[in-house]
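Below: structure-v6.txt (compact mmCIF, N, CA and C atoms and all ligand atoms)
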```txt
# COMPACT_ATOMS: atom_id res chain seq x y z
N MET A 1 133.46 96.70 106.41
CA MET A 1 132.24 95.89 106.46
C MET A 1 132.44 94.70 107.40
N ALA A 2 131.41 94.40 108.12
CA ALA A 2 131.52 93.30 109.08
C ALA A 2 131.71 91.97 108.37
N ASP A 3 132.39 91.07 109.03
CA ASP A 3 132.62 89.75 108.47
C ASP A 3 131.88 88.73 109.33
N PHE A 4 130.91 88.07 108.73
CA PHE A 4 130.07 87.14 109.48
C PHE A 4 130.43 85.68 109.21
N LYS A 5 131.51 85.48 108.44
CA LYS A 5 131.79 84.12 107.96
C LYS A 5 132.14 83.14 109.08
N HIS A 6 132.59 83.67 110.22
CA HIS A 6 133.04 82.75 111.26
C HIS A 6 132.03 82.53 112.37
N CYS A 7 130.85 83.14 112.23
CA CYS A 7 129.80 82.93 113.23
C CYS A 7 129.00 81.70 112.84
N SER A 8 128.89 80.77 113.77
CA SER A 8 128.26 79.48 113.47
C SER A 8 126.82 79.61 113.00
N LEU A 9 126.06 80.48 113.62
CA LEU A 9 124.64 80.54 113.33
C LEU A 9 124.27 81.70 112.41
N LEU A 10 125.29 82.32 111.82
CA LEU A 10 125.03 83.32 110.80
C LEU A 10 125.56 82.77 109.49
N LEU A 11 124.69 82.68 108.52
CA LEU A 11 125.10 82.14 107.23
C LEU A 11 125.11 83.27 106.21
N GLU A 12 126.33 83.70 105.88
CA GLU A 12 126.45 84.73 104.87
C GLU A 12 126.45 84.07 103.50
N CYS A 13 125.49 84.46 102.68
CA CYS A 13 125.36 83.84 101.37
C CYS A 13 126.54 84.24 100.49
N GLY A 14 127.19 83.26 99.90
CA GLY A 14 128.33 83.52 99.03
C GLY A 14 127.93 84.12 97.69
N LYS A 15 126.64 84.12 97.40
CA LYS A 15 126.18 84.65 96.12
C LYS A 15 125.66 86.08 96.23
N CYS A 16 124.76 86.31 97.20
CA CYS A 16 124.14 87.64 97.27
C CYS A 16 124.56 88.42 98.51
N GLU A 17 125.36 87.79 99.39
CA GLU A 17 125.89 88.43 100.59
C GLU A 17 124.84 88.80 101.63
N ILE A 18 123.64 88.28 101.46
CA ILE A 18 122.63 88.43 102.53
C ILE A 18 123.08 87.58 103.72
N VAL A 19 122.89 88.11 104.92
CA VAL A 19 123.23 87.34 106.12
C VAL A 19 121.97 86.65 106.62
N ASN A 20 121.97 85.34 106.58
CA ASN A 20 120.84 84.54 107.03
C ASN A 20 121.07 84.14 108.48
N TYR A 21 120.11 84.46 109.33
CA TYR A 21 120.22 84.14 110.74
C TYR A 21 119.59 82.76 110.98
N LEU A 22 120.41 81.83 111.42
CA LEU A 22 119.91 80.49 111.71
C LEU A 22 119.56 80.47 113.19
N ASP A 23 118.27 80.56 113.48
CA ASP A 23 117.89 80.70 114.89
C ASP A 23 118.28 79.45 115.68
N PRO A 24 118.82 79.66 116.89
CA PRO A 24 119.35 78.55 117.69
C PRO A 24 118.31 77.47 117.97
N PHE A 25 117.06 77.86 118.17
CA PHE A 25 116.03 76.88 118.51
C PHE A 25 115.92 75.83 117.41
N THR A 26 116.04 76.24 116.17
CA THR A 26 115.88 75.34 115.03
C THR A 26 117.20 74.71 114.60
N PHE A 27 118.29 75.47 114.71
CA PHE A 27 119.52 75.04 114.05
C PHE A 27 120.64 74.62 115.00
N TRP A 28 120.37 74.52 116.28
CA TRP A 28 121.44 74.17 117.23
C TRP A 28 122.07 72.83 116.88
N PHE A 29 121.22 71.88 116.52
CA PHE A 29 121.69 70.61 115.97
C PHE A 29 121.06 70.50 114.59
N PHE A 30 121.85 70.60 113.55
CA PHE A 30 121.28 70.63 112.21
C PHE A 30 122.27 70.06 111.21
N ASP A 31 121.76 69.23 110.34
CA ASP A 31 122.57 68.72 109.24
C ASP A 31 121.65 68.69 108.03
N GLY A 32 121.76 69.70 107.19
CA GLY A 32 120.85 69.75 106.06
C GLY A 32 121.06 71.00 105.22
N LYS A 33 120.00 71.34 104.51
CA LYS A 33 120.09 72.42 103.53
C LYS A 33 119.22 73.61 103.92
N VAL A 34 119.81 74.78 103.81
CA VAL A 34 119.13 76.03 104.13
C VAL A 34 118.99 76.83 102.83
N LYS A 35 117.83 77.46 102.69
CA LYS A 35 117.62 78.28 101.50
C LYS A 35 117.88 79.74 101.83
N CYS A 36 118.78 80.36 101.09
CA CYS A 36 119.09 81.78 101.32
C CYS A 36 117.84 82.62 101.09
N ALA A 37 117.56 83.49 102.05
CA ALA A 37 116.36 84.33 101.94
C ALA A 37 116.54 85.44 100.91
N GLY A 38 117.79 85.70 100.55
CA GLY A 38 118.04 86.78 99.61
C GLY A 38 117.88 86.36 98.16
N CYS A 39 118.51 85.23 97.78
CA CYS A 39 118.53 84.86 96.37
C CYS A 39 118.01 83.45 96.12
N GLY A 40 117.70 82.71 97.18
CA GLY A 40 117.16 81.37 97.00
C GLY A 40 118.21 80.29 96.79
N ALA A 41 119.49 80.65 96.91
CA ALA A 41 120.54 79.63 96.79
C ALA A 41 120.41 78.62 97.93
N ILE A 42 120.79 77.39 97.66
CA ILE A 42 120.69 76.34 98.67
C ILE A 42 122.09 76.05 99.23
N TRP A 43 122.21 76.12 100.55
CA TRP A 43 123.50 75.87 101.20
C TRP A 43 123.38 74.72 102.17
N ARG A 44 124.32 73.79 102.08
CA ARG A 44 124.34 72.68 103.03
C ARG A 44 125.26 73.06 104.19
N VAL A 45 124.74 72.94 105.39
CA VAL A 45 125.55 73.21 106.57
C VAL A 45 125.32 72.11 107.60
N LYS A 46 126.32 71.90 108.41
CA LYS A 46 126.17 70.98 109.53
C LYS A 46 126.56 71.72 110.79
N ILE A 47 125.62 71.78 111.73
CA ILE A 47 125.86 72.48 112.99
C ILE A 47 125.63 71.49 114.12
N ASP A 48 126.63 71.38 114.97
CA ASP A 48 126.53 70.45 116.09
C ASP A 48 126.70 71.23 117.38
N ASN A 49 125.69 71.18 118.22
CA ASN A 49 125.73 71.88 119.50
C ASN A 49 126.10 73.35 119.35
N GLY A 50 125.51 73.98 118.34
CA GLY A 50 125.69 75.41 118.14
C GLY A 50 126.96 75.80 117.39
N ALA A 51 127.82 74.84 117.06
CA ALA A 51 129.06 75.15 116.35
C ALA A 51 128.99 74.57 114.94
N ARG A 52 129.38 75.37 113.97
CA ARG A 52 129.33 74.88 112.60
C ARG A 52 130.46 73.89 112.36
N VAL A 53 130.08 72.70 111.93
CA VAL A 53 131.05 71.64 111.70
C VAL A 53 131.52 71.67 110.25
N SER A 54 130.56 71.89 109.33
CA SER A 54 130.94 71.97 107.93
C SER A 54 129.99 72.88 107.18
N GLY A 55 130.43 73.32 106.03
CA GLY A 55 129.63 74.19 105.19
C GLY A 55 129.94 75.64 105.44
N PRO A 56 129.29 76.54 104.76
CA PRO A 56 128.26 76.24 103.77
C PRO A 56 128.84 75.80 102.44
N THR A 57 128.27 74.73 101.90
CA THR A 57 128.64 74.31 100.56
C THR A 57 127.38 74.33 99.71
N GLU A 58 127.52 74.72 98.49
CA GLU A 58 126.36 74.87 97.62
C GLU A 58 125.73 73.51 97.34
N ASP A 59 124.40 73.48 97.32
CA ASP A 59 123.69 72.23 97.08
C ASP A 59 122.45 72.53 96.23
N LYS A 60 121.68 71.48 96.01
CA LYS A 60 120.50 71.64 95.15
C LYS A 60 119.22 71.58 95.98
N ALA A 61 118.14 72.18 95.42
CA ALA A 61 116.83 72.13 96.05
C ALA A 61 116.37 70.67 96.12
N PRO A 62 115.48 70.28 97.00
CA PRO A 62 114.78 71.18 97.93
C PRO A 62 115.58 71.42 99.20
N HIS A 63 115.27 72.54 99.85
CA HIS A 63 115.91 72.87 101.12
C HIS A 63 115.18 72.15 102.26
N ASP A 64 115.83 72.08 103.41
CA ASP A 64 115.19 71.49 104.59
C ASP A 64 114.52 72.56 105.44
N LYS A 65 115.23 73.67 105.63
CA LYS A 65 114.70 74.72 106.49
C LYS A 65 115.04 76.10 105.98
N LEU A 66 114.22 77.05 106.41
CA LEU A 66 114.47 78.44 106.08
C LEU A 66 115.15 79.12 107.26
N PRO A 67 115.94 80.16 107.00
CA PRO A 67 116.51 80.91 108.13
C PRO A 67 115.40 81.60 108.92
N GLY A 68 115.73 81.97 110.16
CA GLY A 68 114.73 82.65 111.00
C GLY A 68 114.53 84.10 110.60
N PHE A 69 115.56 84.68 110.03
CA PHE A 69 115.55 86.10 109.69
C PHE A 69 116.73 86.33 108.78
N ALA A 70 116.68 87.39 107.99
CA ALA A 70 117.83 87.69 107.13
C ALA A 70 117.90 89.19 106.90
N GLN A 71 119.12 89.68 106.73
CA GLN A 71 119.29 91.08 106.39
C GLN A 71 120.61 91.28 105.67
N SER A 72 120.71 92.43 105.03
CA SER A 72 121.93 92.73 104.29
C SER A 72 123.04 93.09 105.27
N LYS A 73 124.27 93.04 104.79
CA LYS A 73 125.42 93.30 105.66
C LYS A 73 125.43 94.72 106.20
N ASP A 74 124.82 95.64 105.48
CA ASP A 74 124.76 97.02 105.98
C ASP A 74 123.50 97.26 106.80
N TYR A 75 122.76 96.20 107.08
CA TYR A 75 121.55 96.22 107.93
C TYR A 75 120.39 97.00 107.32
N LYS A 76 120.53 97.47 106.09
CA LYS A 76 119.48 98.32 105.52
C LYS A 76 118.31 97.52 104.97
N THR A 77 118.60 96.34 104.44
CA THR A 77 117.53 95.50 103.90
C THR A 77 117.25 94.38 104.89
N LYS A 78 116.01 94.31 105.36
CA LYS A 78 115.62 93.25 106.28
C LYS A 78 114.59 92.38 105.58
N ILE A 79 114.78 91.08 105.66
CA ILE A 79 113.85 90.17 105.01
C ILE A 79 112.98 89.49 106.06
N THR A 80 111.70 89.79 106.03
CA THR A 80 110.77 89.18 106.99
C THR A 80 109.63 88.46 106.28
N ASP A 81 109.68 88.43 104.95
CA ASP A 81 108.67 87.72 104.16
C ASP A 81 108.64 86.24 104.56
N THR A 82 107.50 85.79 105.03
CA THR A 82 107.44 84.41 105.58
C THR A 82 107.47 83.33 104.50
N THR A 83 107.54 83.71 103.23
CA THR A 83 107.81 82.68 102.22
C THR A 83 109.32 82.47 102.10
N LYS A 84 110.10 83.38 102.70
CA LYS A 84 111.56 83.29 102.61
C LYS A 84 112.23 83.00 103.95
N VAL A 85 111.57 83.41 105.03
CA VAL A 85 112.10 83.14 106.37
C VAL A 85 111.00 82.52 107.21
N ASN A 86 111.42 81.75 108.22
CA ASN A 86 110.46 81.13 109.12
C ASN A 86 109.93 82.15 110.11
N PRO A 87 108.64 82.19 110.36
CA PRO A 87 108.17 83.07 111.41
C PRO A 87 108.71 82.59 112.76
N PRO A 88 108.90 83.51 113.71
CA PRO A 88 109.48 83.11 114.99
C PRO A 88 108.60 82.12 115.74
N VAL A 89 109.24 81.33 116.57
CA VAL A 89 108.51 80.38 117.40
C VAL A 89 107.83 81.16 118.51
N MET A 90 106.53 81.05 118.60
CA MET A 90 105.79 81.79 119.62
C MET A 90 105.71 80.98 120.91
N ALA A 91 105.90 81.66 122.02
CA ALA A 91 105.79 80.99 123.31
C ALA A 91 104.34 80.62 123.56
N ARG A 92 104.12 79.43 124.04
CA ARG A 92 102.82 78.96 124.46
C ARG A 92 101.73 79.18 123.39
N ALA A 93 102.03 78.77 122.18
CA ALA A 93 101.05 78.93 121.10
C ALA A 93 99.80 78.10 121.38
N ASP A 94 99.94 77.07 122.22
CA ASP A 94 98.81 76.19 122.49
C ASP A 94 97.96 76.67 123.66
N PHE A 95 98.33 77.78 124.25
CA PHE A 95 97.61 78.22 125.44
C PHE A 95 96.17 78.58 125.12
N VAL A 96 95.27 77.93 125.79
CA VAL A 96 93.87 78.33 125.68
C VAL A 96 93.35 78.55 127.09
N GLY A 97 93.00 79.73 127.39
CA GLY A 97 92.52 80.04 128.72
C GLY A 97 91.67 81.27 128.68
N LYS A 98 91.16 81.61 129.84
CA LYS A 98 90.34 82.82 129.91
C LYS A 98 91.21 83.97 130.37
N PRO A 99 91.05 85.12 129.78
CA PRO A 99 91.82 86.27 130.27
C PRO A 99 91.38 86.63 131.69
N ILE A 100 92.32 87.20 132.44
CA ILE A 100 92.00 87.64 133.79
C ILE A 100 91.01 88.81 133.67
N PRO A 101 89.92 88.76 134.42
CA PRO A 101 88.97 89.87 134.30
C PRO A 101 89.60 91.19 134.76
N ILE A 102 89.40 92.20 133.97
CA ILE A 102 89.97 93.52 134.27
C ILE A 102 88.82 94.47 134.61
N TYR A 103 88.96 95.15 135.70
CA TYR A 103 87.95 96.13 136.09
C TYR A 103 88.61 97.49 136.18
N LYS A 104 87.80 98.51 136.22
CA LYS A 104 88.35 99.86 136.36
C LYS A 104 88.12 100.36 137.78
N SER A 105 89.12 101.06 138.30
CA SER A 105 88.98 101.64 139.63
C SER A 105 88.10 102.89 139.54
N ILE A 106 87.82 103.47 140.68
CA ILE A 106 87.00 104.69 140.72
C ILE A 106 87.63 105.79 139.89
N ARG A 107 88.97 105.81 139.87
CA ARG A 107 89.66 106.85 139.10
C ARG A 107 89.79 106.49 137.62
N GLY A 108 89.25 105.35 137.24
CA GLY A 108 89.26 104.98 135.83
C GLY A 108 90.49 104.21 135.39
N LYS A 109 91.37 103.82 136.35
CA LYS A 109 92.56 103.04 136.00
C LYS A 109 92.20 101.55 136.00
N PRO A 110 92.77 100.80 135.05
CA PRO A 110 92.46 99.37 135.05
C PRO A 110 93.10 98.64 136.24
N VAL A 111 92.35 97.79 136.87
CA VAL A 111 92.86 96.96 137.96
C VAL A 111 92.47 95.52 137.66
N SER A 112 93.33 94.57 138.02
CA SER A 112 92.96 93.18 137.77
C SER A 112 92.25 92.64 138.99
N GLY A 113 91.52 91.60 138.79
CA GLY A 113 90.81 90.97 139.89
C GLY A 113 89.45 91.61 140.07
N GLY A 114 88.80 91.24 141.12
CA GLY A 114 87.45 91.73 141.36
C GLY A 114 86.61 90.56 141.83
N PRO A 115 85.38 90.83 142.19
CA PRO A 115 84.56 89.73 142.67
C PRO A 115 84.35 88.69 141.58
N LEU A 116 84.63 87.42 141.93
CA LEU A 116 84.47 86.35 140.96
C LEU A 116 83.01 85.91 140.89
N LYS A 117 82.60 85.55 139.71
CA LYS A 117 81.27 84.98 139.55
C LYS A 117 81.40 83.47 139.50
N ALA A 118 80.27 82.79 139.64
CA ALA A 118 80.28 81.33 139.66
C ALA A 118 80.97 80.75 138.42
N GLU A 119 80.73 81.35 137.24
CA GLU A 119 81.33 80.79 136.02
C GLU A 119 82.84 81.00 135.96
N ASP A 120 83.36 81.95 136.72
CA ASP A 120 84.81 82.13 136.76
C ASP A 120 85.51 80.99 137.49
N LEU A 121 84.76 80.29 138.33
CA LEU A 121 85.36 79.24 139.15
C LEU A 121 85.33 77.87 138.49
N VAL A 122 84.69 77.76 137.33
CA VAL A 122 84.64 76.48 136.66
C VAL A 122 86.06 76.05 136.29
N GLY A 123 86.45 74.85 136.73
CA GLY A 123 87.78 74.36 136.42
C GLY A 123 88.83 74.73 137.44
N SER A 124 88.52 75.61 138.36
CA SER A 124 89.51 75.96 139.37
C SER A 124 89.39 75.01 140.56
N ARG A 125 90.46 74.88 141.32
CA ARG A 125 90.45 73.96 142.45
C ARG A 125 90.27 74.75 143.75
N PRO A 126 89.53 74.16 144.68
CA PRO A 126 89.40 74.85 145.97
C PRO A 126 90.76 75.07 146.61
N ARG A 127 90.86 76.11 147.39
CA ARG A 127 92.12 76.50 147.97
C ARG A 127 92.73 75.41 148.86
N PHE A 128 91.91 74.67 149.58
CA PHE A 128 92.49 73.67 150.49
C PHE A 128 93.18 72.55 149.73
N ILE A 129 92.77 72.30 148.48
CA ILE A 129 93.48 71.31 147.68
C ILE A 129 94.85 71.84 147.28
N MET A 130 94.89 73.11 146.87
CA MET A 130 96.15 73.73 146.47
C MET A 130 97.13 73.75 147.64
N GLU A 131 96.64 74.00 148.83
CA GLU A 131 97.53 74.11 149.99
C GLU A 131 97.73 72.78 150.69
N GLY A 132 96.95 71.79 150.33
CA GLY A 132 97.12 70.45 150.87
C GLY A 132 96.61 70.28 152.29
N ARG A 133 95.72 71.13 152.72
CA ARG A 133 95.16 70.97 154.06
C ARG A 133 93.78 71.61 154.12
N HIS A 134 93.05 71.21 155.18
CA HIS A 134 91.72 71.78 155.40
C HIS A 134 91.83 72.96 156.35
N LYS A 135 90.96 73.89 156.16
CA LYS A 135 90.92 75.03 157.07
C LYS A 135 89.94 74.74 158.20
ZN ZN A 201 121.80 84.48 98.65
```

Translate this structure into structure tokens?
Ligand SMILES: [Zn+2]
Amino acid sequence: MADFKHCSLLLECGKCEIVNYLDPFTFWFFDGKVKCAGCGAIWRVKIDNGARVSGPTEDKAPHDKLPGFAQSKDYKTKITDTTKVNPPVMARADFVGKPIPIYKSIRGKPVSGGPLKAEDLVGSRPRFIMEGRHK
């Protein structure tokens, strides 16, 4: 069986042996308590610049953060319940824009682009501004 005890960002629970994945985005610099996704045990860990400095040592609730993902050592049980693990950080969650208009070619294949209508140009800058010169 694999041994995960020496990986800084993998927290193997000493009680239920679930491997909790501490995602780097959240846990690269971390000093606090993580709740095991398998059994709910609270573990205190300190991670500095991606390396575990101390822990895991058992602690009491409340926890500070949830692991990003968890699974059993044999990889058969995967925990994705968002009450037990944090959902992944989505890229550009704040993006609000218009989708690129998609048209179909004569053969029925989707192609992007096409003749723009006046409303498609709202908010866009004239080309000479983008290029920094007049034509
Ligand atoms: Zn556990």

Please provide as a PDB file with N, CA and C atoms, in the coordinates of the input all residues within 8 Å of A:Val19, with the sequence filter that same-chain residues fewer than 5 positions apart are discarded (counting all atoms listed in the file).
```pdb
ATOM      1  N   PHE A   4     130.910  88.070 108.730  1.00  0.00           N
ATOM      2  CA  PHE A   4     130.070  87.140 109.480  1.00  0.00           C
ATOM      3  C   PHE A   4     130.430  85.680 109.210  1.00  0.00           C
ATOM      4  N   LEU A   9     126.060  80.480 113.620  1.00  0.00           N
ATOM      5  CA  LEU A   9     124.640  80.540 113.330  1.00  0.00           C
ATOM      6  C   LEU A   9     124.270  81.700 112.410  1.00  0.00           C
ATOM      7  N   LEU A  10     125.290  82.320 111.820  1.00  0.00           N
ATOM      8  CA  LEU A  10     125.030  83.320 110.800  1.00  0.00           C
ATOM      9  C   LEU A  10     125.560  82.770 109.490  1.00  0.00           C
ATOM     10  N   LEU A  11     124.690  82.680 108.520  1.00  0.00           N
ATOM     11  CA  LEU A  11     125.100  82.140 107.230  1.00  0.00           C
ATOM     12  C   LEU A  11     125.110  83.270 106.210  1.00  0.00           C
ATOM     13  N   GLU A  12     126.330  83.700 105.880  1.00  0.00           N
ATOM     14  CA  GLU A  12     126.450  84.730 104.870  1.00  0.00           C
ATOM     15  C   GLU A  12     126.450  84.070 103.500  1.00  0.00           C
ATOM     16  N   CYS A  13     125.490  84.460 102.680  1.00  0.00           N
ATOM     17  CA  CYS A  13     125.360  83.840 101.370  1.00  0.00           C
ATOM     18  C   CYS A  13     126.540  84.240 100.490  1.00  0.00           C
ATOM     19  N   CYS A  36     118.780  80.360 101.090  1.00  0.00           N
ATOM     20  CA  CYS A  36     119.090  81.780 101.320  1.00  0.00           C
ATOM     21  C   CYS A  36     117.840  82.620 101.090  1.00  0.00           C
ATOM     22  N   ALA A  37     117.560  83.490 102.050  1.00  0.00           N
ATOM     23  CA  ALA A  37     116.360  84.330 101.940  1.00  0.00           C
ATOM     24  C   ALA A  37     116.540  85.440 100.910  1.00  0.00           C
ATOM     25  N   GLY A  38     117.790  85.700 100.550  1.00  0.00           N
ATOM     26  CA  GLY A  38     118.040  86.780  99.610  1.00  0.00           C
ATOM     27  C   GLY A  38     117.880  86.360  98.160  1.00  0.00           C
ATOM     28  N   PHE A  69     115.560  84.680 110.030  1.00  0.00           N
ATOM     29  CA  PHE A  69     115.550  86.100 109.690  1.00  0.00           C
ATOM     30  C   PHE A  69     116.730  86.330 108.780  1.00  0.00           C
ATOM     31  N   ALA A  70     116.680  87.390 107.990  1.00  0.00           N
ATOM     32  CA  ALA A  70     117.830  87.690 107.130  1.00  0.00           C
ATOM     33  C   ALA A  70     117.900  89.190 106.900  1.00  0.00           C
ATOM     34  N   GLN A  71     119.120  89.680 106.730  1.00  0.00           N
ATOM     35  CA  GLN A  71     119.290  91.080 106.390  1.00  0.00           C
ATOM     36  C   GLN A  71     120.610  91.280 105.670  1.00  0.00           C
ATOM     37  N   SER A  72     120.710  92.430 105.030  1.00  0.00           N
ATOM     38  CA  SER A  72     121.930  92.730 104.290  1.00  0.00           C
ATOM     39  C   SER A  72     123.040  93.090 105.270  1.00  0.00           C
ATOM     40  N   LYS A  73     124.270  93.040 104.790  1.00  0.00           N
ATOM     41  CA  LYS A  73     125.420  93.300 105.660  1.00  0.00           C
ATOM     42  C   LYS A  73     125.430  94.720 106.200  1.00  0.00           C
ATOM     43  N   ASP A  74     124.820  95.640 105.480  1.00  0.00           N
ATOM     44  CA  ASP A  74     124.760  97.020 105.980  1.00  0.00           C
ATOM     45  C   ASP A  74     123.500  97.260 106.800  1.00  0.00           C
TER      46      ASP A  74
END
```

| request: Determine the nearest neighbour of A:Ile47 from the options A:Trp28, A:Lys78, A:Lys65, A:Lys35, counting all atoms listed in the file. | output: A:Trp28

| said: Quick check for you: according to DSSP on this backbone, which residues of stretch 17-63 of chain A are classed as alpha helix (DSSP H)? Reply as a list in words. | reply: Pro24, Phe25, Thr26 and Phe27 of chain A

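The coordinates place atom CA of A:Arg107 at 27.0 Å from atom N of A:Leu121.
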
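Pairwise distance (atom CA of A:Phe25, atom CA of A:Asn49) equals 11.0 Å.
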
| query | Just how far from atom CA of A:Gly32 is atom CA of A:Lys60, in Å to one decimal? | reply | 11.1 Å

| request: Can you work out which one of A:Cys39, A:Val34, A:Pro110, A:Pro24 has the shortest atom-to-atom distance to ligand ZN 201 (chain A), counting only C-alpha atoms and all ligand atoms? | output: A:Cys39

| task | Point out the residue among A:Tyr103, A:Lys15, A:Ser8, A:Val122 with the least atom-to-atom distance to A:Val53, counting all atoms listed in the file. | result | A:Ser8

| Among stretch 4-123 of chain A, which residues carry a DSSP assignment of strand (DSSP E or B), reported as a PyMOL selection string? | chain A and resi 10-12+19-21+30-35+42-48+51-59+65+69-71+78-79+102-104+110-112

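Among the candidates A:Ile102, A:Asp120, A:Thr57, A:Leu66, the residue lying nearest to A:Val85 is A:Leu66 (atoms considered: only C-alpha atoms).
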
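With only C-alpha atoms and all ligand atoms as the atoms that count, the residue of A:Ile79, A:Cys7, A:Leu116, A:Ala51 with the shortest distance to ligand ZN 201 (chain A) is A:Ile79.
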
| note | Judged by only C-alpha atoms and all ligand atoms, the minimum distance to ligand ZN 201 (chain A) among A:Asp48, A:Glu119, A:Glu58, A:Asp81 is found for A:Glu58
